[in-house]
$ cat work.txt   # compact mmCIF, C-alpha atoms and all ligand atoms
# COMPACT_ATOMS: atom_id res chain seq x y z
CA MET A 1 111.22 114.00 87.80
CA ARG A 2 110.64 116.82 90.30
CA VAL A 3 107.60 115.74 92.27
CA LEU A 4 105.36 117.82 94.52
CA VAL A 5 104.34 115.51 97.36
CA SER A 6 101.21 116.92 99.00
CA GLY A 7 100.71 115.62 102.54
CA GLY A 8 104.31 114.46 102.42
CA ALA A 9 104.86 114.88 106.18
CA GLY A 10 102.17 112.33 107.17
CA TYR A 11 102.34 108.55 107.38
CA ILE A 12 102.53 107.30 103.78
CA GLY A 13 104.08 110.44 102.27
CA PRO A 14 107.53 110.24 103.90
CA HIS A 15 107.98 106.58 102.90
CA THR A 16 107.16 107.58 99.34
CA VAL A 17 109.53 110.56 99.46
CA LEU A 18 112.37 108.17 100.37
CA ALA A 19 111.39 105.81 97.52
CA LEU A 20 111.35 108.74 95.06
CA LEU A 21 114.77 110.00 96.16
CA ALA A 22 116.25 106.49 96.05
CA ALA A 23 115.06 106.20 92.44
CA GLY A 24 116.77 109.47 91.48
CA HIS A 25 113.72 111.77 91.54
CA GLU A 26 113.43 115.06 93.46
CA ALA A 27 110.71 115.63 96.05
CA VAL A 28 109.20 118.86 97.38
CA ILE A 29 106.82 118.41 100.33
CA VAL A 30 103.73 120.58 100.79
CA ASP A 31 101.96 119.94 104.08
CA ASP A 32 100.11 122.22 106.51
CA LEU A 33 101.10 119.92 109.41
CA SER A 34 97.44 119.60 110.46
CA ASN A 35 98.06 115.88 111.10
CA SER A 36 101.85 115.64 111.23
CA LYS A 37 104.98 117.11 112.78
CA ALA A 38 107.74 119.14 111.13
CA SER A 39 110.42 116.97 112.77
CA VAL A 40 109.80 114.23 110.19
CA LEU A 41 111.83 116.38 107.80
CA ASN A 42 115.05 116.01 109.84
CA ARG A 43 114.60 112.25 109.78
CA LEU A 44 114.00 112.24 106.02
CA GLU A 45 117.03 114.41 105.36
CA SER A 46 119.32 112.32 107.54
CA LEU A 47 118.09 109.02 106.03
CA SER A 48 118.41 110.28 102.44
CA GLY A 49 121.43 112.57 102.87
CA GLN A 50 119.57 115.13 100.76
CA HIS A 51 117.94 118.49 101.34
CA ILE A 52 114.17 118.22 100.92
CA PRO A 53 112.28 121.51 100.46
CA MET A 54 109.05 121.75 102.47
CA HIS A 55 106.27 124.36 102.27
CA SER A 56 103.78 124.57 105.14
CA ILE A 57 100.62 125.81 103.45
CA ASP A 58 97.01 124.75 103.40
CA LEU A 59 96.37 123.35 99.92
CA THR A 60 92.75 124.47 99.99
CA ASP A 61 94.17 127.99 99.58
CA ARG A 62 94.23 128.38 95.80
CA ASP A 63 96.49 131.41 95.70
CA LYS A 64 99.15 129.91 97.95
CA THR A 65 98.99 126.64 96.05
CA ASP A 66 99.39 128.44 92.74
CA GLN A 67 102.33 130.39 94.16
CA ILE A 68 104.21 127.16 94.87
CA PHE A 69 103.69 125.99 91.29
CA ALA A 70 104.76 129.43 90.03
CA GLU A 71 108.03 129.29 92.00
CA THR A 72 109.04 125.71 91.13
CA ALA A 73 108.67 123.77 87.89
CA PHE A 74 107.18 120.36 88.72
CA ASP A 75 106.94 117.32 86.49
CA ALA A 76 104.38 115.52 88.64
CA VAL A 77 102.24 115.62 91.77
CA ILE A 78 101.54 112.85 94.27
CA HIS A 79 98.50 114.01 96.21
CA PHE A 80 98.30 112.47 99.69
CA ALA A 81 96.98 115.51 101.58
CA GLY A 82 93.58 115.07 103.17
CA PHE A 83 91.75 114.19 106.35
CA LYS A 84 91.33 110.44 106.85
CA ALA A 85 89.52 109.54 110.09
CA VAL A 86 86.21 107.81 109.36
CA GLY A 87 84.55 108.56 112.73
CA GLU A 88 85.62 112.20 112.69
CA SER A 89 84.26 112.56 109.17
CA VAL A 90 80.79 111.63 110.46
CA GLU A 91 81.05 114.34 113.12
CA LYS A 92 82.59 116.99 110.84
CA PRO A 93 81.39 116.23 107.31
CA LEU A 94 81.66 119.81 106.11
CA GLU A 95 85.32 120.03 107.13
CA TYR A 96 86.04 116.71 105.39
CA TYR A 97 84.29 117.63 102.13
CA GLU A 98 85.94 121.07 102.14
CA ASN A 99 89.44 119.91 102.89
CA ASN A 100 89.52 116.76 100.77
CA LEU A 101 87.77 118.24 97.74
CA ASP A 102 89.12 121.81 97.79
CA SER A 103 92.74 120.62 98.10
CA THR A 104 92.32 118.48 94.97
CA LEU A 105 90.60 121.29 93.09
CA SER A 106 93.30 123.84 93.85
CA ILE A 107 96.05 121.36 92.94
CA VAL A 108 94.44 120.44 89.62
CA ARG A 109 93.77 124.11 88.85
CA ALA A 110 97.44 124.94 89.48
CA MET A 111 98.57 121.91 87.44
CA ARG A 112 96.49 123.09 84.49
CA ARG A 113 97.84 126.64 84.77
CA HIS A 114 101.47 125.51 85.02
CA ASP A 115 101.36 122.60 82.55
CA VAL A 116 102.01 119.81 85.02
CA THR A 117 100.53 116.69 83.47
CA LYS A 118 101.19 113.80 85.86
CA LEU A 119 99.06 113.14 88.94
CA VAL A 120 99.01 110.21 91.34
CA PHE A 121 96.02 110.37 93.69
CA SER A 122 95.55 108.60 97.07
CA SER A 123 92.24 106.80 96.86
CA SER A 124 91.08 103.95 99.05
CA ALA A 125 89.49 100.51 98.99
CA THR A 126 86.62 102.20 100.79
CA VAL A 127 85.26 103.28 97.34
CA TYR A 128 84.13 99.68 96.70
CA GLY A 129 81.40 100.19 99.31
CA PRO A 130 79.41 97.38 100.90
CA ARG A 131 78.14 95.69 97.71
CA ALA A 132 81.19 94.96 95.56
CA PRO A 133 82.06 91.26 95.24
CA LEU A 134 85.39 89.93 96.56
CA PRO A 135 88.15 90.19 95.61
CA TYR A 136 87.65 93.87 94.76
CA SER A 137 88.31 94.58 91.11
CA GLU A 138 88.92 98.00 89.52
CA GLU A 139 86.20 97.08 87.00
CA TRP A 140 83.52 97.33 89.71
CA TRP A 141 80.90 100.04 89.27
CA PRO A 142 79.19 102.01 90.77
CA LEU A 143 81.53 103.21 93.46
CA GLU A 144 79.92 104.13 96.76
CA ALA A 145 80.84 104.80 100.36
CA THR A 146 79.31 104.50 103.80
CA ASN A 147 80.69 107.64 105.46
CA PRO A 148 81.73 111.19 104.48
CA TYR A 149 85.45 110.29 104.38
CA GLY A 150 84.72 107.50 101.92
CA TRP A 151 82.50 109.76 99.83
CA THR A 152 85.33 112.30 99.54
CA LYS A 153 87.37 109.55 97.86
CA VAL A 154 84.51 108.56 95.53
CA MET A 155 83.93 112.25 94.66
CA ASN A 156 87.61 113.04 94.15
CA GLU A 157 87.87 110.10 91.76
CA GLN A 158 84.85 111.40 89.85
CA VAL A 159 86.24 114.94 89.69
CA LEU A 160 89.47 113.58 88.24
CA ARG A 161 87.65 111.32 85.75
CA ASP A 162 85.64 114.33 84.53
CA VAL A 163 88.44 116.89 84.48
CA ALA A 164 91.38 114.85 83.14
CA PRO A 165 90.07 114.42 79.57
CA THR A 166 89.62 118.21 79.31
CA ILE A 167 93.26 119.03 80.13
CA PRO A 168 95.58 118.15 77.24
CA GLY A 169 98.18 115.58 78.21
CA LEU A 170 96.97 115.09 81.79
CA LYS A 171 97.40 111.53 83.09
CA VAL A 172 96.02 110.46 86.46
CA ALA A 173 96.57 107.26 88.43
CA LEU A 174 93.94 106.61 91.12
CA LEU A 175 95.62 104.37 93.67
CA ARG A 176 93.16 102.46 95.81
CA TYR A 177 95.07 101.50 98.94
CA PHE A 178 93.97 98.58 101.07
CA ASN A 179 95.28 98.61 104.67
CA PRO A 180 98.74 100.19 104.84
CA ILE A 181 100.72 99.24 107.95
CA GLY A 182 104.37 98.88 108.98
CA SER A 183 107.10 101.46 108.79
CA HIS A 184 110.51 102.21 107.33
CA PRO A 185 112.98 99.45 108.35
CA SER A 186 115.26 102.06 109.96
CA GLY A 187 112.67 102.62 112.72
CA GLN A 188 112.98 106.37 112.01
CA ILE A 189 109.80 106.93 109.96
CA GLY A 190 106.37 105.54 110.85
CA GLU A 191 102.74 106.12 111.73
CA ASP A 192 102.16 108.69 114.48
CA PRO A 193 98.41 109.09 115.00
CA ASN A 194 96.94 111.85 117.15
CA GLY A 195 94.93 110.70 120.17
CA ILE A 196 93.43 107.23 120.44
CA PRO A 197 94.21 105.27 117.26
CA ASN A 198 91.17 104.12 115.26
CA ASN A 199 93.08 101.59 113.20
CA LEU A 200 94.17 98.16 114.34
CA LEU A 201 97.95 98.33 113.94
CA PRO A 202 98.72 101.56 115.73
CA PHE A 203 96.39 100.43 118.53
CA ILE A 204 98.19 97.09 118.99
CA ALA A 205 101.55 98.87 118.83
CA GLN A 206 100.49 101.26 121.60
CA VAL A 207 99.31 98.33 123.75
CA ALA A 208 102.71 96.69 123.20
CA VAL A 209 104.58 99.81 124.30
CA GLY A 210 102.35 100.30 127.35
CA ARG A 211 100.41 103.36 126.20
CA ARG A 212 97.09 101.42 126.13
CA GLU A 213 95.92 98.70 128.52
CA LYS A 214 94.56 96.15 126.04
CA LEU A 215 93.34 95.64 122.52
CA MET A 216 89.59 95.46 122.02
CA ILE A 217 88.81 93.04 119.19
CA PHE A 218 85.67 94.28 117.48
CA GLY A 219 83.71 91.05 117.02
CA ASP A 220 84.72 87.38 116.77
CA ASP A 221 81.41 86.14 115.36
CA TYR A 222 81.85 87.05 111.68
CA ASP A 223 81.48 84.40 109.01
CA THR A 224 85.26 84.08 108.58
CA PRO A 225 87.68 81.25 109.48
CA ASP A 226 88.40 82.51 113.04
CA GLY A 227 85.37 84.79 113.41
CA THR A 228 87.32 88.07 113.12
CA CYS A 229 87.36 90.37 110.08
CA LEU A 230 89.75 89.85 107.18
CA ARG A 231 91.70 92.78 105.73
CA ASP A 232 94.35 93.13 103.04
CA TYR A 233 97.26 94.58 105.02
CA ILE A 234 100.04 96.00 102.87
CA HIS A 235 103.49 97.10 103.99
CA VAL A 236 103.84 100.88 103.61
CA GLU A 237 107.19 100.29 101.89
CA ASP A 238 105.47 98.20 99.21
CA LEU A 239 102.83 100.91 98.93
CA ALA A 240 105.54 103.56 98.45
CA LEU A 241 107.03 101.50 95.61
CA GLY A 242 103.55 101.27 94.09
CA HIS A 243 103.52 105.08 93.84
CA LEU A 244 106.87 105.06 92.11
CA ALA A 245 105.67 102.42 89.64
CA ALA A 246 102.47 104.39 88.94
CA LEU A 247 104.37 107.65 88.48
CA GLU A 248 106.78 106.10 86.02
CA HIS A 249 103.91 104.39 84.16
CA LEU A 250 101.79 107.52 83.56
CA ASP A 251 103.42 108.45 80.24
CA SER A 252 102.59 105.09 78.71
CA MET A 253 98.98 105.10 79.89
CA LYS A 254 96.50 105.12 77.00
CA GLU A 255 93.56 106.70 78.82
CA PRO A 256 93.72 109.90 80.90
CA VAL A 257 92.64 108.22 84.15
CA ARG A 258 93.14 104.70 85.44
CA ALA A 259 92.50 103.11 88.85
CA PHE A 260 94.85 100.57 90.42
CA ASN A 261 94.37 98.49 93.56
CA LEU A 262 97.42 98.48 95.81
CA GLY A 263 97.03 95.42 98.00
CA THR A 264 98.47 91.94 98.41
CA GLY A 265 95.30 90.04 97.48
CA GLN A 266 95.38 88.17 100.85
CA GLY A 267 92.83 88.54 103.63
CA VAL A 268 94.41 88.39 107.11
CA SER A 269 92.31 88.19 110.30
CA VAL A 270 92.53 90.37 113.40
CA PHE A 271 93.76 87.37 115.42
CA GLU A 272 96.44 86.66 112.80
CA VAL A 273 97.67 90.26 112.99
CA LEU A 274 97.72 90.08 116.79
CA ARG A 275 99.74 86.84 116.68
CA ALA A 276 102.21 88.30 114.17
CA PHE A 277 102.66 91.37 116.35
CA GLU A 278 103.16 89.21 119.47
CA LYS A 279 105.84 87.29 117.58
CA ALA A 280 107.63 90.57 116.79
CA VAL A 281 107.41 91.75 120.42
CA GLY A 282 108.26 88.34 121.89
CA ARG A 283 105.38 88.17 124.37
CA ALA A 284 101.60 87.83 124.56
CA LEU A 285 99.57 91.05 124.46
CA PRO A 286 96.36 91.64 126.43
CA TYR A 287 93.10 91.71 124.50
CA GLU A 288 89.38 91.39 124.99
CA VAL A 289 86.66 90.53 122.50
CA ALA A 290 84.18 93.42 122.25
CA PRO A 291 81.02 93.97 120.18
CA ARG A 292 81.29 94.54 116.43
CA ARG A 293 82.21 98.06 115.27
CA ALA A 294 79.40 99.70 113.30
CA GLY A 295 80.11 99.82 109.58
CA ASP A 296 82.79 97.10 109.52
CA LEU A 297 82.73 94.64 106.64
CA ALA A 298 83.59 91.00 107.35
CA GLU A 299 86.12 90.86 104.52
CA SER A 300 88.03 93.26 102.28
CA TYR A 301 90.84 92.28 99.92
CA ALA A 302 92.11 93.28 96.52
CA ASP A 303 92.43 91.67 93.17
CA PRO A 304 95.95 93.04 92.60
CA THR A 305 96.31 91.69 89.02
CA ARG A 306 96.01 95.02 87.19
CA ALA A 307 98.84 96.68 89.13
CA GLU A 308 101.04 93.66 88.53
CA GLN A 309 100.32 93.47 84.80
CA GLU A 310 100.31 97.18 83.98
CA LEU A 311 102.60 98.76 86.58
CA GLY A 312 104.91 95.78 86.98
CA TRP A 313 104.40 96.16 90.73
CA LYS A 314 103.63 93.51 93.32
CA ALA A 315 103.64 93.63 97.11
CA THR A 316 106.40 91.40 98.49
CA LYS A 317 106.47 91.89 102.27
CA SER A 318 104.74 89.52 104.69
CA ILE A 319 102.56 90.27 107.70
CA ASP A 320 105.57 89.31 109.88
CA ASP A 321 107.71 91.96 108.11
CA MET A 322 104.93 94.53 108.60
CA CYS A 323 104.63 93.82 112.33
CA ALA A 324 108.41 93.63 112.92
CA ASP A 325 108.89 97.04 111.28
CA ALA A 326 105.85 98.59 113.00
CA TRP A 327 107.18 97.36 116.34
CA ARG A 328 110.70 98.73 115.72
CA TRP A 329 109.21 102.17 114.99
CA GLN A 330 106.93 102.09 118.07
CA ARG A 331 109.66 100.76 120.40
CA GLU A 332 112.16 103.39 119.31
CA ASN A 333 109.60 106.23 119.19
CA PRO A 334 107.02 105.36 121.86
CA MET A 335 105.47 108.84 121.66
CA GLY A 336 105.94 109.22 117.89
CA TYR A 337 107.97 112.02 116.30
CA PRO A 338 109.47 114.70 118.52
CA ALA A 339 107.26 117.81 118.77
CA GLY A 340 108.12 120.76 116.57
P1 LIG B 401 98.21 111.37 107.12
O1 LIG B 401 97.10 112.10 107.81
O2 LIG B 401 99.27 110.76 107.95
O3 LIG B 401 98.89 112.34 106.04
C1 LIG B 401 98.17 113.31 105.34
C2 LIG B 401 98.93 114.62 105.45
O4 LIG B 401 98.20 115.65 104.76
C3 LIG B 401 99.12 115.11 106.89
O5 LIG B 401 100.50 115.31 107.12
C4 LIG B 401 98.34 116.42 106.97
O6 LIG B 401 99.00 117.37 107.80
C5 LIG B 401 98.32 116.85 105.49
N1 LIG B 401 97.16 117.68 105.12
C6 LIG B 401 95.84 117.44 105.34
N2 LIG B 401 95.09 118.42 104.82
C7 LIG B 401 95.95 119.29 104.22
C8 LIG B 401 95.79 120.51 103.50
N3 LIG B 401 94.57 121.05 103.28
N4 LIG B 401 96.89 121.16 103.03
C9 LIG B 401 98.13 120.64 103.24
N5 LIG B 401 98.34 119.49 103.93
C10 LIG B 401 97.26 118.83 104.41
O7 LIG B 401 97.53 110.26 106.18
P2 LIG B 401 98.19 109.00 105.45
O8 LIG B 401 97.85 107.79 106.23
O9 LIG B 401 99.61 109.28 105.11
O10 LIG B 401 97.29 108.96 104.14
C11 LIG B 401 97.63 109.69 102.99
C12 LIG B 401 96.48 109.63 102.01
O11 LIG B 401 96.15 108.27 101.74
C13 LIG B 401 95.20 110.29 102.51
O12 LIG B 401 94.56 110.94 101.43
C14 LIG B 401 94.37 109.12 102.97
O13 LIG B 401 92.98 109.38 102.92
C15 LIG B 401 94.76 108.05 101.98
N6 LIG B 401 94.58 106.69 102.50
C16 LIG B 401 95.18 106.32 103.67
C17 LIG B 401 94.97 105.05 104.18
C18 LIG B 401 95.60 104.63 105.49
O14 LIG B 401 95.19 103.62 106.05
N7 LIG B 401 96.59 105.33 106.01
C19 LIG B 401 94.16 104.13 103.49
C20 LIG B 401 93.58 104.53 102.27
C21 LIG B 401 93.80 105.82 101.79
C1 LIG B 402 89.27 101.56 108.36
C2 LIG B 402 88.21 102.50 107.80
C3 LIG B 402 88.36 102.58 106.29
C4 LIG B 402 89.79 102.96 105.89
C5 LIG B 402 90.74 101.91 106.48
C6 LIG B 402 92.20 102.13 106.12
C7 LIG B 402 86.32 102.26 109.38
C8 LIG B 402 84.92 101.77 109.56
N1 LIG B 402 86.89 102.02 108.18
O1 LIG B 402 88.96 100.31 107.87
O2 LIG B 402 87.45 103.52 105.75
O3 LIG B 402 89.91 103.00 104.48
O4 LIG B 402 90.58 101.94 107.91
O5 LIG B 402 92.77 103.10 106.91
O6 LIG B 402 86.91 102.88 110.27
N2 LIG B 402 89.90 96.42 114.89
C9 LIG B 402 89.79 95.91 116.17
N3 LIG B 402 90.18 96.70 117.21
C10 LIG B 402 90.66 97.96 117.05
C11 LIG B 402 90.76 98.48 115.72
C12 LIG B 402 90.36 97.69 114.66
O7 LIG B 402 89.36 94.77 116.36
O8 LIG B 402 90.97 98.63 118.04
C13 LIG B 402 89.51 95.56 113.76
C14 LIG B 402 88.40 96.15 112.92
O9 LIG B 402 87.15 95.77 113.39
C15 LIG B 402 88.73 95.56 111.54
C16 LIG B 402 90.26 95.41 111.55
O10 LIG B 402 90.64 95.43 112.92
O11 LIG B 402 88.16 94.31 111.45
C17 LIG B 402 90.97 96.51 110.81
O12 LIG B 402 90.50 97.76 111.29
P1 LIG B 402 91.07 99.16 110.77
O13 LIG B 402 92.54 99.17 110.95
O14 LIG B 402 90.29 100.23 111.42
O15 LIG B 402 90.81 99.12 109.19
P2 LIG B 402 89.46 98.94 108.36
O16 LIG B 402 88.38 98.36 109.17
O17 LIG B 402 89.80 98.19 107.12

$ encode --input "work.txt" --output "structure tokens" --more "lines below"
Ligand code: NAD
Ligand code: UD1
Amino acid sequence: MRVLVSGGAGYIGPHTVLALLAAGHEAVIVDDLSNSKASVLNRLESLSGQHIPMHSIDLTDRDKTDQIFAETAFDAVIHFAGFKAVGESVEKPLEYYENNLDSTLSIVRAMRRHDVTKLVFSSSATVYGPRAPLPYSEEWWPLEATNPYGWTKVMNEQVLRDVAPTIPGLKVALLRYFNPIGSHPSGQIGEDPNGIPNNLLPFIAQVAVGRREKLMIFGDDYDTPDGTCLRDYIHVEDLALGHLAALEHLDSMKEPVRAFNLGTGQGVSVFEVLRAFEKAVGRALPYEVAPRRAGDLAESYADPTRAEQELGWKATKSIDDMCADAWRWQRENPMGYPAG
């Protein structure tokens, strides 16, 4: 298949591009580089030994998006592009709704016009909201969110559930990611956040490499085994393979739209992640327990059964693998990708 990978220059996209190429598919990246650097492309081409076309356009621009579909015949789209910072989405809700909804609308419009009938969409565990019982099951309804970023995922899912049945042949997989961490085992491709990282792993990695003084652990008084929050961390390489499995499954899907959790099913605490990262680095890392972060849930983990049964996909990498790979990337690229 020739696959348009929107947001393919970011964190998860490049890992998925490599998985696609390794499986014999072709990938074309479309990314406006609003949260990524062009130099990722050199890394991807040298790791894969293949030329990877990239178009730097803003996917909210319908005409430019349509132009890309007019120039190249695609079999499928994997739609990663979007803004993803929860705190920023509270400060700039209009920008988040515009970017995350308009990009999907212009992609789906172009897919309809150019008869592209396979779509894999990046959703998130955040759509389960604060009331869903654990472990999170795809059967849960109604979906809800607690911040504008989360609502863009709930709304995008709804748009796709409404639109897909009206476009003959269109099949959509909604992939609800849990907490993707880690990096490509080469140490060449990884997560390169702008500014102060919001998420746990990039923050610990920057403490380890000396860019930050210490980790602040947001609360150790939760009703969990060690008092810190539990999350379902999933290696980004497993996540990439989940996209491949979903893409290859779309043709055999009976309904136009189906959601799949991509997680391990295991809750891991903040202290457990810190210990696993310290093991990878080979020394203790400084931390301090701080007050709880507003909006955090004590626990979040998937029921991964549906993806295993229907996609034939299961996460295989451990938290030690995730931390060892994240550390290799951070150690070899302390300031992330080269500029440019
Ligand atoms: P990322 O920010 O690293 O990658 C997204 C890419 O999209 C960036 O390279 C950015 O430049 C590009 N982009 C944004 N708006 C665009 C636009 N209008 N036109 C063209 N390109 C645009 O994010 P990521 O971590 O790789 O996440 C990918 C997707 O998965 C996102 O939709 C995100 O919300 C979702 N997701 C991520 C996580 C996570 O923890 N990383 C968890 C759940 C869901
Ligand atoms: C965050 C987002 C969520 C998004 C998810 C995956 C919030 C409120 N939620 O969730 O919408 O889908 O990322 O990208 O931002 N922690 C610390 N110190 C830190 C950073 C984090 O102790 O410096 C703790 C957090 O309190 C949490 C755990 O580590 O318990 C994981 O945090 P994070 O990586 O931000 O992920 P989520 O909380 O799952």

$ residues_near_ligand --input "work.txt" --ligand "ligand LIG 401 (chain B)" --cutoff "6 Å" --atoms "only C-alpha atoms and all ligand atoms" --output "count of residues only"
29

$ residues_around --input "work.txt" --residues "Ser269 of chain A" --least-positions-apart "4" --cutoff "12 Å" --atoms "only C-alpha atoms" --output "ChimeraX atom specification"
/A:200,217-220,222-233,273-276,298-301,319

$ write_last_selection --input "work.txt" --atoms "C-alpha atoms" --output "PDB file, in the coordinates of the input"
ATOM      1  CA  LEU A 200      94.170  98.160 114.340  1.00  0.00           C
ATOM      2  CA  ILE A 217      88.810  93.040 119.190  1.00  0.00           C
ATOM      3  CA  PHE A 218      85.670  94.280 117.480  1.00  0.00           C
ATOM      4  CA  GLY A 219      83.710  91.050 117.020  1.00  0.00           C
ATOM      5  CA  ASP A 220      84.720  87.380 116.770  1.00  0.00           C
ATOM      6  CA  TYR A 222      81.850  87.050 111.680  1.00  0.00           C
ATOM      7  CA  ASP A 223      81.480  84.400 109.010  1.00  0.00           C
ATOM      8  CA  THR A 224      85.260  84.080 108.580  1.00  0.00           C
ATOM      9  CA  PRO A 225      87.680  81.250 109.480  1.00  0.00           C
ATOM     10  CA  ASP A 226      88.400  82.510 113.040  1.00  0.00           C
ATOM     11  CA  GLY A 227      85.370  84.790 113.410  1.00  0.00           C
ATOM     12  CA  THR A 228      87.320  88.070 113.120  1.00  0.00           C
ATOM     13  CA  CYS A 229      87.360  90.370 110.080  1.00  0.00           C
ATOM     14  CA  LEU A 230      89.750  89.850 107.180  1.00  0.00           C
ATOM     15  CA  ARG A 231      91.700  92.780 105.730  1.00  0.00           C
ATOM     16  CA  ASP A 232      94.350  93.130 103.040  1.00  0.00           C
ATOM     17  CA  TYR A 233      97.260  94.580 105.020  1.00  0.00           C
ATOM     18  CA  VAL A 273      97.670  90.260 112.990  1.00  0.00           C
ATOM     19  CA  LEU A 274      97.720  90.080 116.790  1.00  0.00           C
ATOM     20  CA  ARG A 275      99.740  86.840 116.680  1.00  0.00           C
ATOM     21  CA  ALA A 276     102.210  88.300 114.170  1.00  0.00           C
ATOM     22  CA  ALA A 298      83.590  91.000 107.350  1.00  0.00           C
ATOM     23  CA  GLU A 299      86.120  90.860 104.520  1.00  0.00           C
ATOM     24  CA  SER A 300      88.030  93.260 102.280  1.00  0.00           C
ATOM     25  CA  TYR A 301      90.840  92.280  99.920  1.00  0.00           C
ATOM     26  CA  ILE A 319     102.560  90.270 107.700  1.00  0.00           C
TER      27      ILE A 319
END

$ residues_around --input "work.txt" --residues "Glu144 of chain A" --least-positions-apart "2" --cutoff "7 Å" --atoms "all atoms listed in the file" --output "PyMOL selection string"
chain A and resi 127-129+142+151+154

$ closest_residue --input "work.txt" --among "A:Thr152, A:Asn147, A:Ser89, A:Ser137" --to "Leu101 of chain A" --atoms "all atoms listed in the file"
A:Thr152

$ residues_around --input "work.txt" --residues "segment 246-260 of chain A" --least-positions-apart "4" --cutoff "8 Å" --atoms "only C-alpha atoms" --output "list in words"
Ala76, Lys118, Leu119, Val120, Glu138, Leu160, Arg161, Ala164, Pro165, Gly169, Leu170, Lys171, Val172, Ala173, Leu174, Leu175, Arg176, Gly242, Pro304, Arg306, Ala307 and Leu311 of chain A

$ write_last_selection --input "work.txt" --atoms "C-alpha atoms" --output "compact mmCIF listing (two decimals), in the frame of the given file"
# COMPACT_ATOMS: atom_id res chain seq x y z
CA ALA A 76 104.38 115.52 88.64
CA LYS A 118 101.19 113.80 85.86
CA LEU A 119 99.06 113.14 88.94
CA VAL A 120 99.01 110.21 91.34
CA GLU A 138 88.92 98.00 89.52
CA LEU A 160 89.47 113.58 88.24
CA ARG A 161 87.65 111.32 85.75
CA ALA A 164 91.38 114.85 83.14
CA PRO A 165 90.07 114.42 79.57
CA GLY A 169 98.18 115.58 78.21
CA LEU A 170 96.97 115.09 81.79
CA LYS A 171 97.40 111.53 83.09
CA VAL A 172 96.02 110.46 86.46
CA ALA A 173 96.57 107.26 88.43
CA LEU A 174 93.94 106.61 91.12
CA LEU A 175 95.62 104.37 93.67
CA ARG A 176 93.16 102.46 95.81
CA GLY A 242 103.55 101.27 94.09
CA PRO A 304 95.95 93.04 92.60
CA ARG A 306 96.01 95.02 87.19
CA ALA A 307 98.84 96.68 89.13
CA LEU A 311 102.60 98.76 86.58
